[in-house]
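Novice: Starting off with a structure, shown below.
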Amino acid sequence: MLSIEMFPAAQGDCLWVEYGDQRRPNRVLIDGGTAPTYSALRDRVDRLHPDDRRFDLLIITHVDADHIEGVVRLLGDADLGVTFDDVWFNGWTHLPAPPEDKLGPVQGEFLTALISKRKEPWNRAFSGGPVVVSEGGSLPQAILTGGMKITLLSPTQNELAKLRPAWNKVVRAAGLEPGVAKDALAQLAKVKKPQPDVLGKPGLDVVAIAARQFQPDTALANGSSIAILAEVDGKGLLLAGDAFAPVLAASVERLVEERQIDRLSLAAFKVPHHGSKANINVELLGLVRCKRYLFSTNGKIFNHPDVECVARVITHGGKKRDLHFNYRTEDNEIWDDQELMDKYGYSVVYPEDGSAGLRVSV
């Protein structure tokens, strides 16, 4: 059994992966979405037996609010009883800098303080150091309790180093000293608890849209994003966070060469940065063979997914592609067009009418 639940995380990500024995599965949680996402996440945990709230791994991909805020609330909820065998998160202490530099964003500081307060295992698979792709040799790997193999694809040391000055600027502007847990916890206690969210075009020239020039993402936080290949029972999931397409392509190419295969076979690919045109390119798609492409976004703020991203997936993502969206929105329903689906050989999957969030079994 292998499934991915894409929670209704607004413009963000909150992914719940289950695998193994369906009666008592192993679990991996990746990100927590925006602050209101926590209502859905807590409800999902509450459905578990109190003795069955252990996760093999918690990954916080990076410090953007639409990925981290729900996790801050999860770790701050002492009554929920969740435990983690390991937590992967690159905090201030993992960003490369000279030893004497004590210069750290705000939610990242909150999360750092909560991880320390709860005494969670932190980057245990990396001996407490940064979750980072090595420059040479094999890509870092870890085997989880239930047997899932995780291969790290992003970030590189270079992307982490670039984030440090921006982290320092944002945190100091908020009146905090990077790495001082006491001050971060005091400020977190003053944060107002959020209220829960209330939860085709004919003639599109898909080939021409896909051929538009690729302009890569340069956002520092996105570059620091943890992206992984998760494999179990012969099935692979590429869960890309908001990682840069060239970084992902370089890591996948290393893996393809190491395994002596032509392409990396995937059961599902959660596309990076909610389907931004700046985070997926033809080179990356040419390195994978995949049927299911997952998009996590409600389309608000940035109107993701971009048409260029979806068009590239349709034209370069393999045959008979299934596009899975965890919301039906004005931005993605243009692809629910039978003429386009017949012409380009793809299908679309949305949540049931009136709902949000989607579970994908592979």
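Order determines the names: the first chain of the structure tokens is A, the second B, and so forth; residues in each chain are numbered 1 upward, and ligands are numbered 1 upward as they are shown.
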Considering only helix (DSSP H, G or I) as DSSP defines it on the backbone, what residues of stretch 117-159 of chain A qualify? List them as a ChimeraX atom specification.

Specialist: /A:117-118,124-126,157-159

Novice: Just the residues within 12 Å of A:Asn326, please, counting only C-alpha atoms, with nothing from its chain fewer than 2 positions along; format it as a PyMOL selection string.

Specialist: chain A and resi 4-15+270+274+293-299+305+323-324+328-329+332-333+348-360

Novice: Find the residues around A:Leu248 up to 9 Å (only C-alpha atoms counted), leave out those fewer than 2 positions away in its own chain, and share them as an MDAnalysis selection string.

Specialist: chainID A and resid 153:155 227 240 243:246 250:253 284

Novice: Quick one: DSSP strand (DSSP E) residues in stretch 116-240 of chain A, as a ChimeraX atom specification?

Specialist: /A:141-143,149-154,227-232,235-239

Novice: Go ahead and dump the residues you just picked, N, CA and C atoms, as a tab-separated table (two decimals), in the first residue's frame.

Specialist:
```
chain	number	residue	atom	x	y	z
A	141	GLN	N	21.34	8.91	1.18
A	141	GLN	CA	20.17	8.04	1.30
A	141	GLN	C	19.92	7.69	2.76
A	142	ALA	N	18.66	7.38	3.06
A	142	ALA	CA	18.27	6.92	4.39
A	142	ALA	C	17.18	5.87	4.23
A	143	ILE	N	17.21	4.85	5.09
A	143	ILE	CA	16.17	3.83	5.11
A	143	ILE	C	15.30	4.07	6.34
A	149	LYS	N	12.99	3.78	1.21
A	149	LYS	CA	14.30	4.37	0.96
A	149	LYS	C	14.11	5.81	0.48
A	150	ILE	N	14.80	6.73	1.15
A	150	ILE	CA	14.73	8.15	0.80
A	150	ILE	C	16.06	8.57	0.20
A	151	THR	N	16.04	9.11	-1.01
A	151	THR	CA	17.22	9.67	-1.65
A	151	THR	C	17.06	11.18	-1.74
A	152	LEU	N	18.03	11.91	-1.23
A	152	LEU	CA	17.96	13.37	-1.20
A	152	LEU	C	18.35	13.94	-2.57
A	153	LEU	N	17.54	14.85	-3.10
A	153	LEU	CA	17.79	15.47	-4.40
A	153	LEU	C	18.11	16.96	-4.32
A	154	SER	N	17.71	17.62	-3.24
A	154	SER	CA	17.92	19.05	-3.04
A	154	SER	C	17.80	19.31	-1.54
A	227	ALA	N	14.13	18.28	-1.28
A	227	ALA	CA	13.38	17.47	-2.24
A	227	ALA	C	13.90	16.05	-2.17
A	228	ILE	N	12.99	15.07	-2.28
A	228	ILE	CA	13.38	13.68	-2.09
A	228	ILE	C	12.77	12.77	-3.14
A	229	LEU	N	13.44	11.64	-3.32
A	229	LEU	CA	12.86	10.49	-4.01
A	229	LEU	C	12.58	9.45	-2.94
A	230	ALA	N	11.30	9.07	-2.78
A	230	ALA	CA	10.90	8.07	-1.79
A	230	ALA	C	10.53	6.79	-2.53
A	231	GLU	N	11.15	5.66	-2.16
A	231	GLU	CA	10.92	4.40	-2.86
A	231	GLU	C	10.57	3.28	-1.90
A	232	VAL	N	9.55	2.52	-2.26
A	232	VAL	CA	9.15	1.37	-1.46
A	232	VAL	C	8.36	0.43	-2.37
A	235	LYS	N	8.08	1.15	-6.07
A	235	LYS	CA	7.41	2.36	-6.51
A	235	LYS	C	8.16	3.58	-6.01
A	236	GLY	N	8.27	4.60	-6.87
A	236	GLY	CA	8.99	5.80	-6.50
A	236	GLY	C	8.13	7.04	-6.53
A	237	LEU	N	8.32	7.91	-5.54
A	237	LEU	CA	7.62	9.19	-5.45
A	237	LEU	C	8.67	10.30	-5.47
A	238	LEU	N	8.54	11.24	-6.38
A	238	LEU	CA	9.42	12.41	-6.38
A	238	LEU	C	8.62	13.55	-5.76
A	239	LEU	N	9.04	13.96	-4.57
A	239	LEU	CA	8.34	14.98	-3.78
A	239	LEU	C	9.28	16.18	-3.71
```

Novice: Set the distance at 10 Å and use only C-alpha atoms: which residues neighbour A:Gln215 once local chain neighbours fewer than 6 positions away are removed? I'd like the list as a list in words.

Specialist: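 Counting only C-alpha atoms, the residues come to Lys277, Ala278, Asn279, Ile280 and Asn281 of chain A.
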
Novice: Got time to write the residues from that selection, C-alpha atoms, as a CSV table (one decimal), in the first residue's frame?

Specialist:
```
chain,number,residue,atom,x,y,z
A,277,LYS,CA,6.6,27.8,-14.7
A,278,ALA,CA,10.0,28.7,-13.1
A,279,ASN,CA,10.5,25.4,-11.4
A,280,ILE,CA,9.9,22.7,-14.0
A,281,ASN,CA,11.6,22.5,-17.3
```

Novice: Give me the residues within 12 Å of stretch 187-191 of chain A as a ChimeraX atom specification, counting only C-alpha atoms and dropping any in the same chain fewer than 5 places off.

Specialist: /A:35,69,72-73,75-77,106-114,171,174-177,180-182

Novice: Restricting it to N, CA and C atoms, dump the selection as a PDB file, in the first residue's frame.

Specialist:
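Contents of result.pdb, freshly written:
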```
ATOM      1  N   ALA A  35      -1.047  28.435   8.125  1.00  0.00           N
ATOM      2  CA  ALA A  35      -1.545  28.265   9.489  1.00  0.00           C
ATOM      3  C   ALA A  35      -2.934  27.624   9.544  1.00  0.00           C
ATOM      4  N   GLU A  69       4.065  26.979   8.504  1.00  0.00           N
ATOM      5  CA  GLU A  69       3.215  27.478   9.599  1.00  0.00           C
ATOM      6  C   GLU A  69       2.411  26.372  10.279  1.00  0.00           C
ATOM      7  N   VAL A  72       4.589  24.440  12.703  1.00  0.00           N
ATOM      8  CA  VAL A  72       4.806  25.159  13.960  1.00  0.00           C
ATOM      9  C   VAL A  72       3.662  24.875  14.926  1.00  0.00           C
ATOM     10  N   ARG A  73       2.444  24.865  14.419  1.00  0.00           N
ATOM     11  CA  ARG A  73       1.289  24.592  15.278  1.00  0.00           C
ATOM     12  C   ARG A  73       1.224  23.123  15.683  1.00  0.00           C
ATOM     13  N   LEU A  75       3.812  21.067  16.170  1.00  0.00           N
ATOM     14  CA  LEU A  75       4.801  20.812  17.223  1.00  0.00           C
ATOM     15  C   LEU A  75       4.475  21.568  18.504  1.00  0.00           C
ATOM     16  N   GLY A  76       3.688  22.630  18.375  1.00  0.00           N
ATOM     17  CA  GLY A  76       3.296  23.371  19.573  1.00  0.00           C
ATOM     18  C   GLY A  76       2.074  22.804  20.272  1.00  0.00           C
ATOM     19  N   ASP A  77       1.451  21.780  19.687  1.00  0.00           N
ATOM     20  CA  ASP A  77       0.245  21.170  20.256  1.00  0.00           C
ATOM     21  C   ASP A  77       0.654  19.986  21.130  1.00  0.00           C
ATOM     22  N   VAL A 106      11.469  34.082  10.623  1.00  0.00           N
ATOM     23  CA  VAL A 106      10.870  34.029  11.950  1.00  0.00           C
ATOM     24  C   VAL A 106      10.237  32.667  12.240  1.00  0.00           C
ATOM     25  N   GLN A 107       9.432  32.150  11.315  1.00  0.00           N
ATOM     26  CA  GLN A 107       8.819  30.835  11.522  1.00  0.00           C
ATOM     27  C   GLN A 107       9.888  29.756  11.674  1.00  0.00           C
ATOM     28  N   GLY A 108      10.999  29.911  10.996  1.00  0.00           N
ATOM     29  CA  GLY A 108      12.105  28.964  11.145  1.00  0.00           C
ATOM     30  C   GLY A 108      12.675  28.983  12.550  1.00  0.00           C
ATOM     31  N   GLU A 109      12.739  30.174  13.144  1.00  0.00           N
ATOM     32  CA  GLU A 109      13.201  30.282  14.531  1.00  0.00           C
ATOM     33  C   GLU A 109      12.201  29.664  15.492  1.00  0.00           C
ATOM     34  N   PHE A 110      10.899  29.888  15.240  1.00  0.00           N
ATOM     35  CA  PHE A 110       9.875  29.251  16.074  1.00  0.00           C
ATOM     36  C   PHE A 110      10.020  27.729  16.014  1.00  0.00           C
ATOM     37  N   LEU A 111      10.178  27.221  14.803  1.00  0.00           N
ATOM     38  CA  LEU A 111      10.271  25.772  14.616  1.00  0.00           C
ATOM     39  C   LEU A 111      11.518  25.217  15.285  1.00  0.00           C
ATOM     40  N   THR A 112      12.630  25.920  15.130  1.00  0.00           N
ATOM     41  CA  THR A 112      13.870  25.498  15.780  1.00  0.00           C
ATOM     42  C   THR A 112      13.685  25.386  17.290  1.00  0.00           C
ATOM     43  N   ALA A 113      13.051  26.396  17.873  1.00  0.00           N
ATOM     44  CA  ALA A 113      12.834  26.398  19.323  1.00  0.00           C
ATOM     45  C   ALA A 113      11.928  25.249  19.749  1.00  0.00           C
ATOM     46  N   LEU A 114      10.891  24.962  18.966  1.00  0.00           N
ATOM     47  CA  LEU A 114       9.958  23.882  19.320  1.00  0.00           C
ATOM     48  C   LEU A 114      10.604  22.514  19.185  1.00  0.00           C
ATOM     49  N   VAL A 171      14.816  37.812  10.438  1.00  0.00           N
ATOM     50  CA  VAL A 171      14.687  37.495  11.857  1.00  0.00           C
ATOM     51  C   VAL A 171      15.028  38.695  12.734  1.00  0.00           C
ATOM     52  N   ALA A 174      12.382  41.234  12.962  1.00  0.00           N
ATOM     53  CA  ALA A 174      11.281  40.840  13.839  1.00  0.00           C
ATOM     54  C   ALA A 174      11.651  40.957  15.316  1.00  0.00           C
ATOM     55  N   GLY A 175      12.856  41.440  15.595  1.00  0.00           N
ATOM     56  CA  GLY A 175      13.273  41.641  16.976  1.00  0.00           C
ATOM     57  C   GLY A 175      13.803  40.403  17.655  1.00  0.00           C
ATOM     58  N   LEU A 176      14.245  39.421  16.881  1.00  0.00           N
ATOM     59  CA  LEU A 176      14.772  38.180  17.436  1.00  0.00           C
ATOM     60  C   LEU A 176      16.253  38.031  17.126  1.00  0.00           C
ATOM     61  N   GLU A 177      16.920  37.288  17.990  1.00  0.00           N
ATOM     62  CA  GLU A 177      18.315  36.916  17.762  1.00  0.00           C
ATOM     63  C   GLU A 177      18.321  35.479  17.249  1.00  0.00           C
ATOM     64  N   VAL A 180      18.258  31.866  19.448  1.00  0.00           N
ATOM     65  CA  VAL A 180      17.933  32.039  20.866  1.00  0.00           C
ATOM     66  C   VAL A 180      16.519  31.506  21.093  1.00  0.00           C
ATOM     67  N   ALA A 181      16.421  30.270  21.573  1.00  0.00           N
ATOM     68  CA  ALA A 181      15.138  29.577  21.679  1.00  0.00           C
ATOM     69  C   ALA A 181      14.184  30.271  22.651  1.00  0.00           C
ATOM     70  N   LYS A 182      14.696  30.773  23.740  1.00  0.00           N
ATOM     71  CA  LYS A 182      13.845  31.388  24.758  1.00  0.00           C
ATOM     72  C   LYS A 182      13.063  32.560  24.178  1.00  0.00           C
TER      73      LYS A 182
END
```

Novice: Skip A:Thr37 itself and residues of its chain fewer than 3 positions away, then list as an mmCIF file with N, CA and C atoms, in the first residue's frame all residues within 6 Å of it, counting only C-alpha atoms.

Specialist:
```cif
data_model
loop_
_atom_site.group_PDB
_atom_site.id
_atom_site.type_symbol
_atom_site.label_atom_id
_atom_site.label_comp_id
_atom_site.auth_asym_id
_atom_site.auth_seq_id
_atom_site.Cartn_x
_atom_site.Cartn_y
_atom_site.Cartn_z
ATOM 1 N N ALA A 9 -4.106 22.927 1.610
ATOM 2 C CA ALA A 9 -3.112 23.776 2.260
ATOM 3 C C ALA A 9 -3.033 25.161 1.633
ATOM 4 N N GLY A 33 1.714 23.227 5.468
ATOM 5 C CA GLY A 33 0.865 24.222 4.840
ATOM 6 C C GLY A 33 0.816 25.537 5.600
ATOM 7 N N THR A 34 -0.155 26.366 5.249
ATOM 8 C CA THR A 34 -0.370 27.637 5.932
ATOM 9 C C THR A 34 -0.956 27.383 7.324
ATOM 10 N N ALA A 40 -7.187 20.993 9.441
ATOM 11 C CA ALA A 40 -7.366 19.728 8.714
ATOM 12 C C ALA A 40 -6.328 18.706 9.139
ATOM 13 N N GLY A 70 1.867 25.436 9.475
ATOM 14 C CA GLY A 70 1.109 24.338 10.069
ATOM 15 C C GLY A 70 1.958 23.438 10.935
#
```

Novice: Could you tell me which of A:Leu285, A:Leu255, A:Val206, A:Ala268 comes closest to A:Gly345 if we count only C-alpha atoms?

Specialist: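 Comparing A:Leu285, A:Leu255, A:Val206, A:Ala268 against A:Gly345, the winner is A:Val206.
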
Novice: If I take atom CA of A:Asp205 and atom CA of A:Val310, how far is one from the other in Å, to one decimal?

Specialist: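 These atoms are spaced 12.1 Å apart.
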
Novice: With only C-alpha atoms as the atoms that count, which of A:Arg42, A:Ser225, A:Leu204, A:Ala219 lies nearest to A:Glu339?

Specialist: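 Comparing A:Arg42, A:Ser225, A:Leu204, A:Ala219 against A:Glu339, the winner is A:Leu204.
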
Novice: Skip A:Ala210 itself and residues of its chain fewer than 2 positions away, then list as a list in words all residues within 8 Å of it, counting only C-alpha atoms.

Specialist: Val206, Val207, Ala208, Arg212, Glu308, Cys309, Val310, Ala311, Arg312 and Thr315 of chain A

Novice: Name the closest residue to A:Asp56 among the candidates A:Glu18, A:Asp183, A:Asp306, A:Asp43; distances are taken between atoms, counting only C-alpha atoms.

Specialist: A:Glu18

Novice: How many Å lie between atom CA of A:Thr156 and atom CA of A:Gln260, rounded to one decimal?

Specialist: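 Atom-to-atom, atom CA of A:Thr156 and atom CA of A:Gln260 are spaced 23.1 Å apart.
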
Novice: One number please: atom CA of A:Leu95 to atom CA of A:Ile68, in Å, one decimal.

Specialist: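 Computing the Euclidean distance for atom CA of A:Leu95 and atom CA of A:Ile68 yields 17.4 Å.
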
Novice: Out of A:Asp217, A:Glu330, A:Glu159, A:Asp64, which residue has the shortest atom-to-atom distance to A:Val307 when counting only C-alpha atoms?

Specialist: A:Glu330

Novice: With only C-alpha atoms as the atoms that count, which of A:Leu80, A:Pro25, A:Ala173, A:Asp31 lies nearest to A:Arg44?

Specialist: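 Comparing A:Leu80, A:Pro25, A:Ala173, A:Asp31 against A:Arg44, the winner is A:Leu80.
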